[in-house]
Structures are given as C-alpha cells and as structure tokens.
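Student: So I've got this file, input29.cif, and it contains mmCIF, C-alpha atoms and all ligand atoms:
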data_entry
loop_
_atom_site.label_atom_id
_atom_site.label_comp_id
_atom_site.auth_asym_id
_atom_site.auth_seq_id
_atom_site.Cartn_x
_atom_site.Cartn_y
_atom_site.Cartn_z
CA SER I 1 96.32 71.30 77.05
CA ASP I 2 97.90 73.72 79.52
CA TYR I 3 101.33 72.76 78.21
CA ASP I 4 100.42 73.49 74.61
CA LEU I 5 101.52 76.87 73.26
CA GLY I 6 98.72 77.11 70.73
CA SER I 7 99.14 80.30 68.74
CA TYR I 8 101.36 81.99 71.34
CA ALA I 9 105.06 82.66 70.81
CA ASN I 10 105.93 81.62 74.36
CA PHE I 11 104.38 80.60 77.67
CA MET I 12 104.65 83.99 79.32
CA HIS I 13 102.45 85.53 76.64
CA LYS I 14 99.99 82.67 76.87
CA GLU I 15 99.86 82.84 80.66
CA ILE I 16 99.31 86.61 80.65
CA ALA I 17 96.40 86.07 78.27
CA GLU I 18 94.89 83.33 80.44
CA GLN I 19 94.40 85.63 83.41
CA PRO I 20 90.71 86.48 82.98
CA GLU I 21 90.05 82.74 83.07
CA SER I 22 92.50 81.85 85.84
CA VAL I 23 91.21 84.66 88.08
CA ARG I 24 87.67 83.41 87.48
CA ARG I 25 88.82 79.99 88.70
CA ALA I 26 90.37 81.48 91.86
CA LEU I 27 87.06 83.21 92.66
CA LEU I 28 84.78 80.34 91.73
CA GLY I 29 82.46 79.36 94.57
CA ARG I 30 84.36 81.51 97.06
CA LEU I 31 82.45 84.82 96.95
CA ASP I 32 79.30 85.40 98.97
CA ASP I 33 77.49 88.49 97.70
CA ARG I 34 74.63 88.20 100.17
CA PHE I 35 76.88 88.66 103.20
CA GLY I 36 79.65 90.50 101.36
CA THR I 37 82.35 88.06 102.27
CA ALA I 38 84.45 85.18 100.98
CA ARG I 39 84.54 81.53 101.98
CA LEU I 40 87.85 79.76 101.78
CA GLY I 41 86.91 76.14 102.43
CA GLY I 42 90.48 74.83 102.67
CA LEU I 43 91.09 76.91 105.79
CA ASN I 44 88.59 75.12 108.02
CA PHE I 45 88.23 78.28 110.11
CA ASP I 46 84.96 79.30 111.70
CA PRO I 47 84.34 82.97 112.61
CA ARG I 48 85.71 82.42 116.11
CA ASP I 49 88.98 81.03 114.76
CA LEU I 50 89.20 84.01 112.42
CA ARG I 51 88.62 86.44 115.31
CA ARG I 52 91.38 84.89 117.36
CA ILE I 53 93.96 85.98 114.79
CA ARG I 54 95.72 89.18 115.94
CA ARG I 55 98.38 89.51 113.26
CA VAL I 56 99.13 88.14 109.79
CA LYS I 57 102.59 87.42 108.41
CA PHE I 58 102.99 86.56 104.73
CA PHE I 59 106.19 85.01 103.42
CA GLY I 60 107.53 83.59 100.18
CA CYS I 61 110.24 84.24 97.59
CA GLY I 62 110.42 86.54 94.59
CA SER I 63 107.03 87.42 93.15
CA ALA I 64 105.32 85.39 95.87
CA TYR I 65 106.86 87.70 98.46
CA TYR I 66 105.65 90.80 96.57
CA ALA I 67 102.16 89.29 96.34
CA GLY I 68 102.35 88.84 100.11
CA GLN I 69 103.06 92.50 100.56
CA LEU I 70 99.95 93.38 98.59
CA GLY I 71 98.04 90.90 100.76
CA ALA I 72 99.39 92.42 103.97
CA ASN I 73 98.21 95.86 102.85
CA LEU I 74 94.70 94.49 102.25
CA VAL I 75 94.59 92.77 105.64
CA GLU I 76 95.53 96.05 107.32
CA GLU I 77 92.97 98.03 105.30
CA TRP I 78 90.00 95.71 105.65
CA ALA I 79 90.61 93.82 108.89
CA ARG I 80 92.68 96.49 110.67
CA LEU I 81 95.04 93.76 111.83
CA PRO I 82 98.78 94.39 111.77
CA ALA I 83 100.18 92.51 108.78
CA ASP I 84 103.40 92.37 106.83
CA ALA I 85 105.37 90.29 104.37
CA GLU I 86 108.91 89.01 104.47
CA PRO I 87 111.15 87.00 102.16
CA ALA I 88 111.13 83.37 103.33
CA SER I 89 114.91 83.29 103.01
CA GLU I 90 115.17 85.94 105.75
CA LEU I 91 112.44 84.56 107.96
CA ARG I 92 113.99 81.11 108.14
CA TYR I 93 117.32 82.36 109.45
CA ARG I 94 116.62 85.39 111.61
CA ASN I 95 115.06 83.56 114.55
CA PRO I 96 111.68 85.30 114.31
CA VAL I 97 109.43 85.92 117.31
CA VAL I 98 106.63 83.41 116.81
CA GLU I 99 103.28 84.17 118.41
CA GLU I 100 100.29 81.89 118.80
CA ASP I 101 97.72 84.40 117.60
CA THR I 102 99.62 85.21 114.39
CA LEU I 103 98.46 83.63 111.16
CA TYR I 104 101.47 82.74 109.00
CA VAL I 105 100.81 82.47 105.27
CA ALA I 106 103.32 80.55 103.15
CA ILE I 107 103.09 81.60 99.50
CA SER I 108 104.32 79.54 96.59
CA GLN I 109 103.38 78.78 93.01
CA SER I 110 105.39 75.56 92.82
CA GLY I 111 105.03 74.55 96.45
CA GLU I 112 108.64 73.37 96.27
CA THR I 113 110.78 76.45 96.95
CA ALA I 114 113.43 75.37 99.47
CA ASP I 115 113.58 78.61 101.49
CA THR I 116 109.79 78.79 101.79
CA LEU I 117 109.52 75.17 102.87
CA ALA I 118 112.28 75.63 105.46
CA ALA I 119 110.53 78.75 106.82
CA VAL I 120 107.28 76.77 107.18
CA GLN I 121 109.11 74.09 109.14
CA GLU I 122 110.93 76.59 111.35
CA LEU I 123 107.67 78.39 112.21
CA GLN I 124 105.92 75.12 112.92
CA ARG I 125 108.76 73.99 115.16
CA LYS I 126 108.13 77.12 117.25
CA GLY I 127 104.40 76.47 117.42
CA GLY I 128 103.32 78.88 114.67
CA LYS I 129 100.04 78.30 112.81
CA VAL I 130 100.97 78.19 109.11
CA ILE I 131 98.58 77.99 106.17
CA GLY I 132 99.59 77.65 102.54
CA ALA I 133 98.68 79.79 99.54
CA VAL I 134 99.95 77.35 96.96
CA ASN I 135 99.25 76.64 93.31
CA THR I 136 100.46 73.07 93.05
CA VAL I 137 98.25 70.50 94.74
CA GLY I 138 100.24 67.75 96.46
CA SER I 139 103.45 69.83 96.56
CA ALA I 140 105.80 69.80 99.56
CA ILE I 141 104.63 73.14 100.98
CA ALA I 142 100.94 72.31 100.53
CA ARG I 143 101.44 69.00 102.35
CA GLU I 144 103.56 70.52 105.11
CA CYS I 145 100.99 73.24 105.82
CA GLY I 146 98.07 70.84 105.88
CA SER I 147 95.52 73.61 105.33
CA GLY I 148 95.36 76.64 103.13
CA VAL I 149 93.98 78.07 99.94
CA PHE I 150 94.82 76.69 96.54
CA LEU I 151 95.43 79.29 93.84
CA HIS I 152 93.85 77.39 90.91
CA ALA I 153 96.00 79.29 88.37
CA GLY I 154 96.65 76.11 86.40
CA PRO I 155 100.19 75.04 85.43
CA GLU I 156 102.60 77.94 85.01
CA VAL I 157 105.57 77.26 82.75
CA SER I 158 107.21 80.65 82.19
CA VAL I 159 109.96 81.42 84.72
CA ALA I 160 108.48 84.88 85.20
CA SER I 161 105.29 84.41 87.18
CA THR I 162 102.13 86.12 85.92
CA LYS I 163 98.88 84.25 86.42
CA ALA I 164 100.07 82.58 89.65
CA TYR I 165 101.11 85.98 91.04
CA THR I 166 97.73 87.45 90.17
CA ASN I 167 95.86 84.57 91.77
CA MET I 168 97.94 84.98 94.93
CA THR I 169 96.74 88.58 95.19
CA VAL I 170 93.13 87.58 94.47
CA VAL I 171 93.26 84.88 97.16
CA PHE I 172 94.74 87.38 99.65
CA ALA I 173 91.94 89.82 98.85
CA MET I 174 89.46 87.08 99.80
CA LEU I 175 91.41 86.22 102.95
CA ALA I 176 91.55 89.89 103.97
CA LEU I 177 87.85 90.26 103.24
CA SER I 178 86.91 87.30 105.41
CA LEU I 179 89.15 88.57 108.23
CA GLY I 180 87.56 92.00 107.87
CA ARG I 181 83.99 90.73 107.87
CA VAL I 182 84.34 89.04 111.27
CA ARG I 183 85.58 92.39 112.58
CA ASP I 184 84.60 95.95 111.67
CA LEU I 185 84.16 95.78 107.92
CA SER I 186 80.47 96.44 107.16
CA VAL I 187 78.27 94.25 105.00
CA SER I 188 77.95 97.08 102.47
CA ASP I 189 81.72 97.54 102.21
CA GLY I 190 82.00 93.77 101.95
CA SER I 191 79.49 93.71 99.09
CA ARG I 192 81.29 96.53 97.33
CA ILE I 193 84.50 94.50 97.52
CA VAL I 194 82.81 91.28 96.40
CA ALA I 195 81.43 93.12 93.35
CA ALA I 196 84.89 94.52 92.57
CA LEU I 197 86.51 91.08 92.79
CA ASP I 198 83.73 89.57 90.72
CA SER I 199 84.36 92.05 87.92
CA LEU I 200 88.15 91.56 87.90
CA PRO I 201 88.16 88.98 85.04
CA GLN I 202 86.27 91.43 82.84
CA LEU I 203 88.56 94.32 83.77
CA ILE I 204 91.64 92.20 83.08
CA SER I 205 90.23 91.44 79.62
CA GLU I 206 89.92 95.18 79.07
CA VAL I 207 93.57 95.67 80.04
CA LEU I 208 94.58 92.94 77.61
CA ASP I 209 92.50 94.53 74.84
CA GLY I 210 94.87 97.50 75.18
CA GLU I 211 97.96 95.35 74.64
CA ASP I 212 99.01 97.04 71.38
CA ALA I 213 99.12 100.46 73.00
CA ILE I 214 101.20 99.14 75.92
CA SER I 215 103.52 97.42 73.45
CA GLU I 216 104.06 100.78 71.70
CA VAL I 217 105.06 102.43 74.98
CA ALA I 218 107.41 99.52 75.75
CA LYS I 219 108.99 99.84 72.32
CA GLU I 220 109.53 103.59 72.76
CA HIS I 221 111.45 102.94 75.96
CA SER I 222 113.29 99.80 74.92
CA GLY I 223 116.56 101.68 74.53
CA ALA I 224 116.75 102.43 78.23
CA GLU I 225 119.39 100.60 80.24
CA ARG I 226 117.77 101.38 83.56
CA MET I 227 114.34 102.26 84.83
CA PHE I 228 112.64 103.27 88.04
CA PHE I 229 109.25 101.94 89.15
CA ILE I 230 107.75 104.41 91.59
CA GLY I 231 104.71 103.91 93.79
CA ARG I 232 103.43 104.71 97.23
CA VAL I 233 101.19 102.75 99.61
CA ARG I 234 98.84 100.81 97.31
CA GLY I 235 101.16 101.43 94.40
CA TRP I 236 104.27 100.17 96.17
CA PRO I 237 103.82 96.40 95.72
CA VAL I 238 102.76 97.17 92.13
CA ALA I 239 106.04 99.00 91.54
CA ARG I 240 108.05 96.17 93.05
CA GLU I 241 106.43 93.45 90.99
CA GLY I 242 106.62 95.65 87.87
CA ALA I 243 110.37 96.13 88.37
CA GLN I 244 110.82 92.43 89.08
CA LYS I 245 109.07 91.43 85.84
CA LEU I 246 111.14 93.84 83.78
CA LYS I 247 114.52 92.92 85.24
CA GLU I 248 114.05 89.17 85.08
CA ILE I 249 113.07 88.92 81.44
CA SER I 250 114.61 92.00 79.79
CA TYR I 251 117.84 92.40 81.88
CA VAL I 252 117.14 96.11 82.04
CA HIS I 253 118.16 97.33 85.47
CA ALA I 254 114.83 98.07 87.08
CA GLU I 255 114.55 99.42 90.59
CA ALA I 256 111.39 99.99 92.57
CA TYR I 257 111.27 102.91 94.95
CA GLN I 258 108.69 104.40 97.28
CA ALA I 259 107.65 107.78 95.87
CA GLY I 260 108.28 109.71 99.07
CA GLU I 261 111.79 108.32 99.41
CA LEU I 262 112.96 109.59 96.01
CA LYS I 263 114.22 112.84 97.48
CA HIS I 264 116.42 110.95 99.93
CA GLY I 265 118.84 109.62 97.34
CA PRO I 266 117.44 108.22 94.12
CA LEU I 267 116.58 111.64 92.63
CA ALA I 268 120.32 111.94 92.01
CA LEU I 269 119.98 109.23 89.36
CA ILE I 270 117.20 110.94 87.40
CA ASP I 271 118.28 112.09 83.94
CA PRO I 272 116.97 111.73 80.36
CA ALA I 273 118.35 108.17 80.17
CA MET I 274 116.45 106.98 83.26
CA PRO I 275 112.71 106.63 82.60
CA SER I 276 110.37 106.21 85.57
CA VAL I 277 107.19 104.20 85.51
CA VAL I 278 104.97 105.96 88.06
CA ILE I 279 101.97 104.15 89.55
CA VAL I 280 99.11 106.67 89.81
CA PRO I 281 95.82 105.23 91.07
CA ASP I 282 92.90 107.63 91.33
CA ASP I 283 92.74 107.51 95.11
CA GLU I 284 93.34 109.90 98.01
CA LEU I 285 97.05 110.06 97.17
CA LEU I 286 96.52 111.22 93.57
CA SER I 287 97.83 114.76 94.15
CA LYS I 288 100.91 113.35 95.91
CA ASN I 289 101.64 111.14 92.92
CA ILE I 290 101.14 114.02 90.51
CA SER I 291 103.77 116.02 92.38
CA THR I 292 106.10 113.01 92.24
CA ILE I 293 105.77 113.09 88.45
CA GLU I 294 106.50 116.82 88.45
CA GLN I 295 109.63 116.29 90.56
CA ILE I 296 110.92 113.69 88.13
CA LYS I 297 110.05 115.79 85.06
CA SER I 298 111.76 118.87 86.45
CA ARG I 299 115.01 116.84 86.68
CA GLY I 300 114.69 115.81 83.04
CA GLY I 301 113.49 112.25 83.66
CA PRO I 302 111.02 110.71 81.19
CA VAL I 303 107.81 109.52 82.88
CA ILE I 304 105.47 106.68 81.98
CA ALA I 305 102.30 107.06 84.05
CA LEU I 306 100.22 103.99 84.82
CA THR I 307 96.86 105.39 85.79
CA ASN I 308 93.09 105.22 85.97
CA ALA I 309 92.87 108.98 86.64
CA GLU I 310 92.52 111.92 84.26
CA LEU I 311 96.00 113.42 84.38
CA PRO I 312 96.72 116.99 83.26
CA ASP I 313 97.69 117.09 79.57
CA GLY I 314 101.39 116.69 78.91
CA LEU I 315 102.19 115.80 82.52
CA ALA I 316 103.63 112.40 81.62
CA ASP I 317 105.52 111.49 78.43
CA SER I 318 103.54 108.26 78.01
CA VAL I 319 100.37 107.07 79.67
CA ILE I 320 99.23 103.48 80.18
CA ARG I 321 95.53 103.48 81.01
CA VAL I 322 93.97 101.10 83.52
CA PRO I 323 90.20 100.56 83.88
CA ARG I 324 88.54 101.74 87.09
CA SER I 325 87.85 99.36 89.93
CA GLU I 326 87.54 99.92 93.68
CA PRO I 327 90.62 101.71 95.08
CA GLU I 328 91.69 98.80 97.29
CA VAL I 329 91.52 96.41 94.34
CA ASP I 330 93.53 98.71 92.03
CA PRO I 331 96.89 97.13 92.93
CA ILE I 332 95.71 93.74 91.63
CA LEU I 333 94.60 95.19 88.32
CA PHE I 334 97.52 97.63 87.91
CA THR I 335 100.06 94.81 87.88
CA ILE I 336 98.66 93.30 84.66
CA PRO I 337 99.70 96.14 82.30
CA LEU I 338 103.19 96.01 83.82
CA GLN I 339 103.44 92.32 82.92
CA VAL I 340 102.45 93.25 79.37
CA PHE I 341 104.94 96.15 79.39
CA ALA I 342 107.82 93.93 80.55
CA TYR I 343 106.86 91.23 78.10
CA HIS I 344 106.88 93.51 75.07
CA LEU I 345 110.01 95.35 76.09
CA ALA I 346 111.87 92.03 76.46
CA HIS I 347 110.34 90.75 73.24
CA HIS I 348 111.52 93.85 71.45
CA LEU I 349 115.05 93.24 72.77
CA GLY I 350 114.90 89.66 71.48
CA ARG I 351 115.25 88.03 74.89
CA ASP I 352 114.53 84.35 75.59
CA ILE I 353 111.40 85.21 77.54
CA ASP I 354 110.42 81.87 79.02
CA LYS I 355 113.95 80.99 80.05
CA PRO I 356 115.80 84.06 81.27
CA ARG I 357 119.51 83.58 81.92
CA ASN I 358 120.63 82.48 85.41
CA LEU I 359 117.07 81.88 86.67
CA ALA I 360 115.02 78.77 87.40
CA LYS I 361 111.29 78.35 87.58
CA SER I 362 111.49 76.63 90.89
CA VAL I 363 114.40 76.93 93.29
CA THR I 364 114.38 73.68 95.21
CA VAL I 365 117.91 73.92 96.56
CA GLU I 366 119.31 76.79 98.56
C1 LIG I 401 111.72 81.63 91.30
C2 LIG I 401 110.88 82.07 90.13
C3 LIG I 401 109.96 83.24 90.53
C4 LIG I 401 109.14 82.85 91.73
C5 LIG I 401 110.01 82.35 92.89
C6 LIG I 401 109.19 81.70 93.97
O1 LIG I 401 112.64 82.62 91.60
O2 LIG I 401 111.68 82.49 89.06
O3 LIG I 401 109.10 83.58 89.45
O4 LIG I 401 108.38 83.98 92.15
O5 LIG I 401 110.91 81.36 92.44
O6 LIG I 401 108.62 80.54 93.46
P1 LIG I 401 107.36 79.83 94.06
O7 LIG I 401 107.15 78.60 93.23
O8 LIG I 401 107.70 79.49 95.49
O9 LIG I 401 106.21 80.78 94.00
#
Can I see the file as structure tokens?

Tutor:
Amino acid sequence: SDYDLGSYANFMHKEIAEQPESVRRALLGRLDDRFGTARLGGLNFDPRDLRRIRRVKFFGCGSAYYAGQLGANLVEEWARLPADAEPASELRYRNPVVEEDTLYVAISQSGETADTLAAVQELQRKGGKVIGAVNTVGSAIARECGSGVFLHAGPEVSVASTKAYTNMTVVFAMLALSLGRVRDLSVSDGSRIVAALDSLPQLISEVLDGEDAISEVAKEHSGAERMFFIGRVRGWPVAREGAQKLKEISYVHAEAYQAGELKHGPLALIDPAMPSVVIVPDDELLSKNISTIEQIKSRGGPVIALTNAELPDGLADSVIRVPRSEPEVDPILFTIPLQVFAYHLAHHLGRDIDKPRNLAKSVTVE
C-alpha cells in the first residue's frame, strides 16, 4: 500500500522515487494533444469563464507557496496575465485588495493547513473566486473551495514534500496552458507544451537513474554548514524549493537568492566554506548564469551547477546534469535533482529524514 515502505529506508526516498508514476496520474486524461491544451474537469470553466480572468493569485504555505510561484511564472509566460504567489499567512492578515476578475488558487497537499484555510475564507468573504489545488480529497480546503484541481499525488507521509510539490507544479502548468490557449498562445505552442508535459514522467525517471552521481556530489559537500541556492527568473522558484528541502531535512543553513541580487549584499558571504548551488537552464539567460558562476568562483566560493547546458570545462566544481525539456517546463524537472541532493546530504549527516525536528507534516493550528 501507499503507507508501506517496501524496500525504502524512509518515506521521503520512496516518495521521490514514485514521481514518474504520480506525475503520470496528475496528467492522466487532462492533456489534449489535438488542440494543444489541457482540460481540468474539476474547474467547471468554459472558455468564456477562462477569458474573464484578468489576474491569477496563488497562495499556500511552505513548499505549496513556492510551487505557486512557479505556477505564477507559467501563467505570465503562457497566458500573459499578471500573476503572483504569496504566503497564505500574509494574505490572510494584510487586508488584500480583492477583485472579481482575479482567480485565487489555494494550494495545499493536506488541505488542512490553518493559514491557507483562513486565507480562503477571508477571500471568499470579500467576494473572491477561489479554487483549490489540493491533494487530499474531502479535506477542509477542498470542501471550502468547492471547485478546483486535485493533485492525485497519492498519500504523502514525509514531512518534506516531494511528489505533492511536483504535482502542484504540473497542475499549474496545465492551468497556465488552458488560460493561454483561450488567449494568444498558438495551437503549435500548445502542442509543444503538451508534448513536454507528456514526457515529464520519462524525464523524471532519467533524473532518478542518475541518483548515485547526485548522491556523490551531496556527500562531497556534506561538510558545509551553509549553502546558497542561486537562480534567476525560471530558476528562482527552483532555488527556493531547493533551499527549503535542504534546510528542513539536513539543518544546513540554506538560503535562496536571485542571481542578480548577489552583488547587493550576499556576495559578502561567499568564501570557500559557502558552496552555491547555481540553477543554469539552457535558455536565453544562460550567459547571465555563467557570469554569475564566474562571480562566485572569483570570490573563492565552490559552485555546484545544476544544468542541462554544455558548460565550459572547469567552470563549476561539481555538475548535476538534468535532461532537456522545453525551457518553460525546465523548472518542474530541475527541482527533482535538488530533492535527491537534499535527501542524500541529510542521509549522509544521519538526520531523521521523515521527521525533521520542530516541523509537522500538516500545520492545522496557527
Ligand atoms: C508544512 C509541511 C510542508 C508543507 C506546508 C504546507 O510546513 O512541513 O512540507 O509544504 O506545511 O502544507 P500543505 O499541506 O498545506 O501543502
């Protein structure tokens, strides 16, 4: 059963390994390759309802919030609608401006997180249209929202979210695609995206086949007491979730930073004891990310590059390779090796991976 460890040492490892299958479930019956779009039945939106949306606001807590940021980026890229993500704990208390033509997306694995539920209720009180992106059927947030998209990740036991996080991002890709296809996204771009999403399970399997190599890199850096995760634009939510995974299970101080902001403060922290994981997708910002690596190297900082590009020899101290996908889909795929990296680093340090200190799987009180 889902609650059976089988041959795995802990649930986090098992749940990482399940991702080709759980992503397949999230996609099942929802992709339309003929029209290059996605159909999310639980939304009950027809094209006119979709066109009425002028803005999308994602909210949730922890990894769910980071997944929302990735989703917001995809909505902006494909639908050209303003979109952003916010922690539910902020949204519920800051008296947000609630607009009728905004689609609010509540994100939660458990469906029981107190801050997320309270944000849903506050938005609804002000007339906001809220849908859920929830894993647990029948949970409080799913019921409160009434409509939405289930994640179909299956039960997640490990405190550190992996397969639920990934399915959130996959569901947001489909939401962004369907918002894009009732606007200016062409059928051919839509089909290109559908094909990329369809091949994700296979590409995730390829990442997992490289687990031993990632584990080696994690082991090499397991003496570090602090680490940066650096990304820009598409790489930024990847860096944030990568840092989150590492800090929660290994207790290494991990901080995510936008690449371009390094020179405005954090460069002062770079030294041989502060490795940086740099997210380097092979997209139009490749040369920018290469110069970020050079800036870190020239201050004596070790660099682990996470990339699907051919980097100049010797540029980075360690390289974690990611298979190629479509550039917009890279952030979904790039997060998987960082889960594996965090897992093995924590494992090497002998941490209690499924039950990190001071944390709970589901935070149902404030
Ligand atoms: C806790 C968990 C995180 C999770 C967050 C939100 O902090 O440790 O892994 O991302 O809650 O949980 P939810 O169930 O709402 O996605």

Student: Within 6 Å of ligand LIG 401 (chain I), which residues of chain I come that close, and what is the closest atom pair and distance in Å for each? Count all atoms listed in the file and give it as JSON lines.

Tutor:
{"residue": "I:Cys61", "atom": "CA", "partner": "I:LIG401", "partner_atom": "C6", "distance": 4.5}
{"residue": "I:Gly62", "atom": "CA", "partner": "I:LIG401", "partner_atom": "O4", "distance": 4.1}
{"residue": "I:Ser63", "atom": "CA", "partner": "I:LIG401", "partner_atom": "O4", "distance": 3.8}
{"residue": "I:Ala64", "atom": "CA", "partner": "I:LIG401", "partner_atom": "O4", "distance": 5.0}
{"residue": "I:Ser108", "atom": "CA", "partner": "I:LIG401", "partner_atom": "O9", "distance": 3.4}
{"residue": "I:Gln109", "atom": "CA", "partner": "I:LIG401", "partner_atom": "O9", "distance": 3.6}
{"residue": "I:Ser110", "atom": "CA", "partner": "I:LIG401", "partner_atom": "O7", "distance": 3.5}
{"residue": "I:Gly111", "atom": "CA", "partner": "I:LIG401", "partner_atom": "O7", "distance": 5.6}
{"residue": "I:Thr113", "atom": "CA", "partner": "I:LIG401", "partner_atom": "O8", "distance": 4.6}
{"residue": "I:Val159", "atom": "CA", "partner": "I:LIG401", "partner_atom": "O2", "distance": 4.8}
{"residue": "I:Ala160", "atom": "CA", "partner": "I:LIG401", "partner_atom": "O3", "distance": 4.5}
{"residue": "I:Ser161", "atom": "CA", "partner": "I:LIG401", "partner_atom": "O3", "distance": 4.5}
{"residue": "I:Leu359", "atom": "CA", "partner": "I:LIG401", "partner_atom": "O2", "distance": 5.9}
{"residue": "I:Ala360", "atom": "CA", "partner": "I:LIG401", "partner_atom": "O2", "distance": 5.3}
{"residue": "I:Lys361", "atom": "CA", "partner": "I:LIG401", "partner_atom": "O2", "distance": 4.4}
{"residue": "I:Ser362", "atom": "CA", "partner": "I:LIG401", "partner_atom": "O5", "distance": 5.0}
{"residue": "I:Val363", "atom": "CA", "partner": "I:LIG401", "partner_atom": "O5", "distance": 5.7}

Student: Near segment 302-311 of chain I, counting all atoms listed in the file, which residues have an atom at most 8 Å away, once you skip same-chain residues fewer than 4 positions from it, shown as a list in words?

Tutor: Asp271, Pro272, Ala273, Met274, Pro275, Ser276, Val277, Val278, Ile279, Val280, Pro281, Asp282, Ile293, Ile296, Lys297, Leu315, Ala316, Asp317, Ser318, Val319, Ile320, Arg321, Val322, Pro323, Arg324 and Phe334 of chain I

Student: Hey, can you check how far atom CA of Pro266 of chain I sits from atom CA of Leu246 of chain I?

Tutor: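 For atom CA of Pro266 of chain I relative to atom CA of Leu246 of chain I, the distance reads 18.8 Å.
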
Student: Within 9 Å of (95.1, 81.0, 84.3) (file coordinates; only C-alpha atoms), which protein or nucleic acid residues are there? I'd like them as a CSV table (one decimal) with C-alpha atoms, keeping the file's coordinate frame.

Tutor:
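Result went into part-v3.csv, see below:
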chain,number,residue,atom,x,y,z
I,15,GLU,CA,99.9,82.8,80.7
I,16,ILE,CA,99.3,86.6,80.6
I,17,ALA,CA,96.4,86.1,78.3
I,18,GLU,CA,94.9,83.3,80.4
I,19,GLN,CA,94.4,85.6,83.4
I,20,PRO,CA,90.7,86.5,83.0
I,21,GLU,CA,90.0,82.7,83.1
I,22,SER,CA,92.5,81.8,85.8
I,23,VAL,CA,91.2,84.7,88.1
I,24,ARG,CA,87.7,83.4,87.5
I,25,ARG,CA,88.8,80.0,88.7
I,26,ALA,CA,90.4,81.5,91.9
I,152,HIS,CA,93.8,77.4,90.9
I,153,ALA,CA,96.0,79.3,88.4
I,154,GLY,CA,96.6,76.1,86.4
I,155,PRO,CA,100.2,75.0,85.4
I,156,GLU,CA,102.6,77.9,85.0
I,162,THR,CA,102.1,86.1,85.9
I,163,LYS,CA,98.9,84.2,86.4
I,164,ALA,CA,100.1,82.6,89.6
I,167,ASN,CA,95.9,84.6,91.8

Student: Select from segment 100-170 of chain I every residue with an atom at most 6 Å from any atom of segment 40-49 of chain I, then for each give the shortest pair of atoms and their distance in Å to one decimal, using only C-alpha atoms, rows by chain and rising number, as JSON lines.

Tutor:
{"residue": "I:Ser147", "atom": "CA", "partner": "I:Leu43", "partner_atom": "CA", "distance": 5.5}
{"residue": "I:Gly148", "atom": "CA", "partner": "I:Leu43", "partner_atom": "CA", "distance": 5.0}
{"residue": "I:Val149", "atom": "CA", "partner": "I:Gly42", "partner_atom": "CA", "distance": 5.5}

Student: May I have the selected residues written with C-alpha atoms, as a compact mmCIF listing (two decimals), in the frame of the given file?

Tutor:
# COMPACT_ATOMS: atom_id res chain seq x y z
CA SER I 147 95.52 73.61 105.33
CA GLY I 148 95.36 76.64 103.13
CA VAL I 149 93.98 78.07 99.94

Student: Name all residues at most 12 Å from Val98 of chain I (count all atoms listed in the file; drop same-chain ones fewer than 6 positions away) and give them as a PyMOL selection string.

Tutor: chain I and resi 55-57+91-92+104+119-120+122-130

Student: Between I:Arg181, I:Arg143, I:Lys14, I:Lys263, which residue has the minimum interatomic distance to Trp78 of chain I, considering only C-alpha atoms?

Tutor: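 Of I:Arg181, I:Arg143, I:Lys14, I:Lys263, the one nearest Trp78 of chain I, counting only C-alpha atoms, is I:Arg181.
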
Student: Excluding segment 36-39 of chain I and residues on its chain fewer than 6 positions from it, collect all residues at most 12 Å away from it, counting all atoms listed in the file, and give them as a ChimeraX atom specification.

Tutor: /I:26-30,45-47,50,78,148-149,170-183,185-198

Student: Could you jot down the atom CA of Pro87 of chain I to atom CA of Gln69 of chain I separation for me, Å, one decimal place?

Tutor: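 Going from atom CA of Pro87 of chain I over to atom CA of Gln69 of chain I covers 9.9 Å.
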
Student: I'd like the interatomic distance between atom CA of Glu225 of chain I and atom CA of Ile290 of chain I, to a tenth of an Å.

Tutor: 24.9 Å

Student: Would you pick out the contacts of segment 339-352 of chain I at 9 Å or less, using only C-alpha atoms, so that residues sharing its chain but fewer than 5 positions from it are not included, and give the list as a list in words?

Tutor: Met12, His13, Ile16, Thr162, Leu208, Glu211, Ile214, Ser215, Glu216, Val217, Ala218, Lys219, Glu220, His221, Ser222, Gly223, Glu241, Gly242, Ala243, Lys245, Leu246, Lys247, Ile249, Ser250, Tyr251, Val252 and Arg357 of chain I

Student: Using only C-alpha atoms, which residue out of I:Leu74, I:Ala67, I:Ile270, I:Ile53 lies closest to Glu86 of chain I?

Tutor: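 Closest to Glu86 of chain I of all the choices is I:Ala67.
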
Student: Smallest atom-to-atom distance to Val238 of chain I: which of I:Asp330, I:Asp2, I:Asp84, I:Glu100, using only C-alpha atoms?

Tutor: I:Asp330

Student: Which of these, I:Arg54, I:Asp115, I:Asn95, I:Gly60, has the shortest distance to Val365 of chain I once you count all atoms listed in the file?

Tutor: I:Asp115
